[in-house]
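Everything on this sheet refers to the single structure shown next.
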Amino acid sequence: MSVQLSQAHANLHSIASTLSVSYTCQRNLIQCGRGFHANSEGERCVDIDECETGLHRCQEDQHCRNTLGAHRCDCKIGYEHNQHTHLCMDVNECWRFPGRLCAHECRNTPGSYHCSCSAGFKLAVDSRSCEDVDECTDSPCGQECANTYGSFRCYCQPGYVLNEFDRTTCEGQACLLQGSKRQWHCRLVMVLPHRDSLALNAH
Ligand SMILES: [Ca+2]
Ligand SMILES: [Ca+2]
């Protein structure tokens, strides 16, 4: 205890005995700047974690990040701070990175984006590339099917021709021997997709 402090202590003791009151010596409270507060011992200033204590001013769609003496409100992934509105706005990834995210088509969504493929293709496992659909696995042709990149083609066995309208049905004329007079007549045979056959008599 310094000489001055000892003298002050003696003076206080003298005054206290005169007034019949007790006293204790307390350390002066430390003064901390904005964003800081005194630690529990009152010895030093420590940072206030506004994110932990709920003192932040972040919106619900923002992430609070504590910094020394302050805090930040970061936008979530897929959003960015707009200087005019001061809000977190969705990033239109399709506009920002044209042709770089999706093999075929890109559709912007809130906070993200979605790739899709042209007809005849399906989205690959990486959710970006497009791969050919093998349409022949679903037997779309009356007779034969050939898968092609982005499409498929039907063709018919000898004696049959492909219907020029639906491009899947095979039509043929099979001549049949009928009766004892050995008369011939022909019937139109349509071979439809999924192996259903329809026979129409044609004389
Ligand atoms: Ca987006
Ligand atoms: Ca195909």
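Naming scheme: A, B, ... for chains in displayed order of the structure tokens; residues 1 onward per chain; ligands 1 onward as shown.
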Excluding range 31-35 of chain A and its own-chain neighbours fewer than 3 positions away, which residues fall within 7 Å of it when counting only C-alpha atoms? Please give them as a list in words.
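Neighbouring residues, sequence-local ones excluded: Ala38, Cys45, Asp47, Ile48, Gly69 and Ala70 of chain A.
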Distance query range 137-153 of chain A at most 7 Å, only C-alpha atoms, self and fewer than 3 positions along chain excluded, as number ranges by chain:
A: 120-121, 132-134, 156-157, 168-170, 191-195
What gap, in Å, lies between CA of Cys73 in chain A and CA of Cys51 in chain A?
9.5 Å
Please build the interface table for chain A against ligand 1 with a cut-off of 8 Å, listing for each qualifying residue the nearest atom pair and the distance in Å to one decimal; count only C-alpha atoms and all ligand atoms, order rows by chain and increasing number, and write it as a tab-separated table.
```
residue	atom	partner	partner_atom_place_in_ligand_line	distance
A:Gly78	CA	ligand 1	1 (Ca)	5.8
A:Tyr79	CA	ligand 1	1 (Ca)	7.3
A:Asp90	CA	ligand 1	1 (Ca)	5.1
A:Val91	CA	ligand 1	1 (Ca)	4.5
A:Asn92	CA	ligand 1	1 (Ca)	4.4
A:Glu93	CA	ligand 1	1 (Ca)	5.5
A:Cys94	CA	ligand 1	1 (Ca)	7.7
A:Asn108	CA	ligand 1	1 (Ca)	4.8
A:Thr109	CA	ligand 1	1 (Ca)	4.5
A:Pro110	CA	ligand 1	1 (Ca)	4.7
A:Gly111	CA	ligand 1	1 (Ca)	4.4
A:Ser112	CA	ligand 1	1 (Ca)	3.9
A:Tyr113	CA	ligand 1	1 (Ca)	5.1
```
Residue neighbourhood Ser116 in chain A, 10 Å, only C-alpha atoms, exclusion window fewer than 4 positions, as number ranges by chain:
A: 102-107, 121-124, 127-130
Output the selection as a PDB file, in the first residue's frame - C-alpha atoms for each residue.
```pdb
ATOM      1  CA  CYS A 102     -25.609 -26.056 -66.652  1.00  0.00           C
ATOM      2  CA  ALA A 103     -25.028 -28.121 -69.779  1.00  0.00           C
ATOM      3  CA  HIS A 104     -28.437 -27.201 -71.213  1.00  0.00           C
ATOM      4  CA  GLU A 105     -30.861 -24.948 -69.336  1.00  0.00           C
ATOM      5  CA  CYS A 106     -30.449 -22.941 -66.133  1.00  0.00           C
ATOM      6  CA  ARG A 107     -33.319 -21.714 -63.953  1.00  0.00           C
ATOM      7  CA  PHE A 121     -31.910 -35.964 -72.249  1.00  0.00           C
ATOM      8  CA  LYS A 122     -31.965 -36.374 -68.502  1.00  0.00           C
ATOM      9  CA  LEU A 123     -30.026 -34.655 -65.745  1.00  0.00           C
ATOM     10  CA  ALA A 124     -26.881 -36.523 -64.724  1.00  0.00           C
ATOM     11  CA  SER A 127     -27.040 -32.123 -61.403  1.00  0.00           C
ATOM     12  CA  ARG A 128     -25.331 -30.116 -64.173  1.00  0.00           C
ATOM     13  CA  SER A 129     -24.614 -32.416 -67.109  1.00  0.00           C
ATOM     14  CA  CYS A 130     -27.213 -33.941 -69.409  1.00  0.00           C
TER      15      CYS A 130
END
```
Secondary structure check, strand (DSSP E) residues of range 11-183 of chain A, as a PDB file with C-alpha atoms, in the first residue's frame:
```pdb
ATOM      1  CA  PHE A  36     -16.443  -4.105 -25.094  1.00  0.00           C
ATOM      2  CA  HIS A  37     -17.294  -4.688 -21.464  1.00  0.00           C
ATOM      3  CA  ALA A  38     -15.311  -5.278 -18.288  1.00  0.00           C
ATOM      4  CA  CYS A  45     -12.116  -4.893 -21.254  1.00  0.00           C
ATOM      5  CA  VAL A  46     -13.224  -7.868 -23.319  1.00  0.00           C
ATOM      6  CA  ASP A  47     -15.178  -8.099 -26.551  1.00  0.00           C
ATOM      7  CA  GLN A  62     -28.624 -13.269 -42.338  1.00  0.00           C
ATOM      8  CA  HIS A  63     -25.729 -14.894 -40.514  1.00  0.00           C
ATOM      9  CA  CYS A  64     -24.366 -13.008 -37.504  1.00  0.00           C
ATOM     10  CA  ARG A  65     -20.558 -13.002 -37.260  1.00  0.00           C
ATOM     11  CA  ASN A  66     -18.861 -11.636 -34.168  1.00  0.00           C
ATOM     12  CA  THR A  67     -15.794  -9.419 -34.638  1.00  0.00           C
ATOM     13  CA  ALA A  70     -18.363  -5.170 -33.304  1.00  0.00           C
ATOM     14  CA  HIS A  71     -20.242  -7.735 -35.383  1.00  0.00           C
ATOM     15  CA  ARG A  72     -21.187  -8.317 -39.014  1.00  0.00           C
ATOM     16  CA  CYS A  73     -24.380  -9.473 -40.703  1.00  0.00           C
ATOM     17  CA  ASP A  74     -23.422 -11.691 -43.624  1.00  0.00           C
ATOM     18  CA  CYS A  75     -25.841 -12.840 -46.276  1.00  0.00           C
ATOM     19  CA  TYR A  79     -27.571 -14.152 -51.472  1.00  0.00           C
ATOM     20  CA  GLU A  80     -25.595 -10.911 -51.523  1.00  0.00           C
ATOM     21  CA  HIS A  81     -25.898  -7.520 -49.893  1.00  0.00           C
ATOM     22  CA  CYS A  88     -29.748  -9.665 -48.803  1.00  0.00           C
ATOM     23  CA  MET A  89     -30.928 -10.302 -52.350  1.00  0.00           C
ATOM     24  CA  ASP A  90     -30.869 -13.574 -54.284  1.00  0.00           C
ATOM     25  CA  GLU A 105     -30.861 -24.948 -69.336  1.00  0.00           C
ATOM     26  CA  CYS A 106     -30.449 -22.941 -66.133  1.00  0.00           C
ATOM     27  CA  ARG A 107     -33.319 -21.714 -63.953  1.00  0.00           C
ATOM     28  CA  ASN A 108     -32.717 -19.293 -61.111  1.00  0.00           C
ATOM     29  CA  THR A 109     -34.227 -20.142 -57.700  1.00  0.00           C
ATOM     30  CA  SER A 112     -29.669 -21.244 -55.637  1.00  0.00           C
ATOM     31  CA  TYR A 113     -30.340 -22.386 -59.230  1.00  0.00           C
ATOM     32  CA  HIS A 114     -31.554 -25.496 -61.002  1.00  0.00           C
ATOM     33  CA  CYS A 115     -30.338 -27.186 -64.193  1.00  0.00           C
ATOM     34  CA  SER A 116     -32.628 -28.964 -66.612  1.00  0.00           C
ATOM     35  CA  PHE A 121     -31.910 -35.964 -72.249  1.00  0.00           C
ATOM     36  CA  LYS A 122     -31.965 -36.374 -68.502  1.00  0.00           C
ATOM     37  CA  LEU A 123     -30.026 -34.655 -65.745  1.00  0.00           C
ATOM     38  CA  CYS A 130     -27.213 -33.941 -69.409  1.00  0.00           C
ATOM     39  CA  GLU A 131     -27.096 -37.485 -70.665  1.00  0.00           C
ATOM     40  CA  ASP A 132     -29.009 -39.213 -73.408  1.00  0.00           C
ATOM     41  CA  GLU A 144     -37.441 -52.356 -83.944  1.00  0.00           C
ATOM     42  CA  CYS A 145     -35.951 -49.438 -82.037  1.00  0.00           C
ATOM     43  CA  ALA A 146     -32.605 -47.719 -82.392  1.00  0.00           C
ATOM     44  CA  ASN A 147     -31.489 -45.314 -79.708  1.00  0.00           C
ATOM     45  CA  THR A 148     -29.822 -42.122 -80.925  1.00  0.00           C
ATOM     46  CA  SER A 151     -33.732 -39.147 -79.582  1.00  0.00           C
ATOM     47  CA  PHE A 152     -34.568 -42.593 -81.016  1.00  0.00           C
ATOM     48  CA  ARG A 153     -35.709 -44.077 -84.302  1.00  0.00           C
ATOM     49  CA  CYS A 154     -38.154 -46.851 -85.109  1.00  0.00           C
ATOM     50  CA  TYR A 155     -37.703 -49.139 -88.047  1.00  0.00           C
ATOM     51  CA  TYR A 160     -43.418 -53.799 -93.149  1.00  0.00           C
ATOM     52  CA  VAL A 161     -43.225 -50.050 -93.513  1.00  0.00           C
ATOM     53  CA  LEU A 162     -43.189 -47.366 -90.850  1.00  0.00           C
ATOM     54  CA  CYS A 170     -45.230 -50.777 -88.588  1.00  0.00           C
ATOM     55  CA  GLU A 171     -47.725 -51.615 -91.318  1.00  0.00           C
ATOM     56  CA  GLY A 172     -47.505 -54.556 -93.643  1.00  0.00           C
ATOM     57  CA  GLN A 173     -49.627 -56.656 -95.906  1.00  0.00           C
ATOM     58  CA  ALA A 174     -49.484 -60.368 -95.352  1.00  0.00           C
ATOM     59  CA  CYS A 175     -51.206 -62.500 -98.007  1.00  0.00           C
ATOM     60  CA  LEU A 176     -53.005 -65.508 -96.632  1.00  0.00           C
ATOM     61  CA  LEU A 177     -54.142 -68.701 -98.302  1.00  0.00           C
ATOM     62  CA  GLN A 178     -57.843 -69.200 -97.588  1.00  0.00           C
ATOM     63  CA  GLN A 183     -57.939 -68.008-103.124  1.00  0.00           C
TER      64      GLN A 183
END
```
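Residues of range 77-121 of chain A that DSSP places in helix (DSSP H, G or I), based on the backbone of this structure, are Glu93, Cys94, Trp95 and Arg96 of chain A.
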So, with only C-alpha atoms as the atoms that count, which of A:Ala10, A:Ile77, A:Ile30, A:Leu87 lies closest to Gln59 in chain A?
A:Leu87
Between CA of Val125 in chain A and CA of Leu101 in chain A, what is the distance, to one decimal in Å?
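Pair CA of Val125 in chain A / CA of Leu101 in chain A returns 14.1 Å.
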Quick one: pull the distance between CA of Glu43 in chain A and CA of Leu29 in chain A, Å, one decimal.
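Straight-line distance from CA of Glu43 in chain A to CA of Leu29 in chain A works out to 8.4 Å.
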Between A:Ser14, A:Ser118, A:Asp49, A:Asn163, which one has atoms that come closest to ligand 2, using only C-alpha atoms and all ligand atoms?
A:Ser118
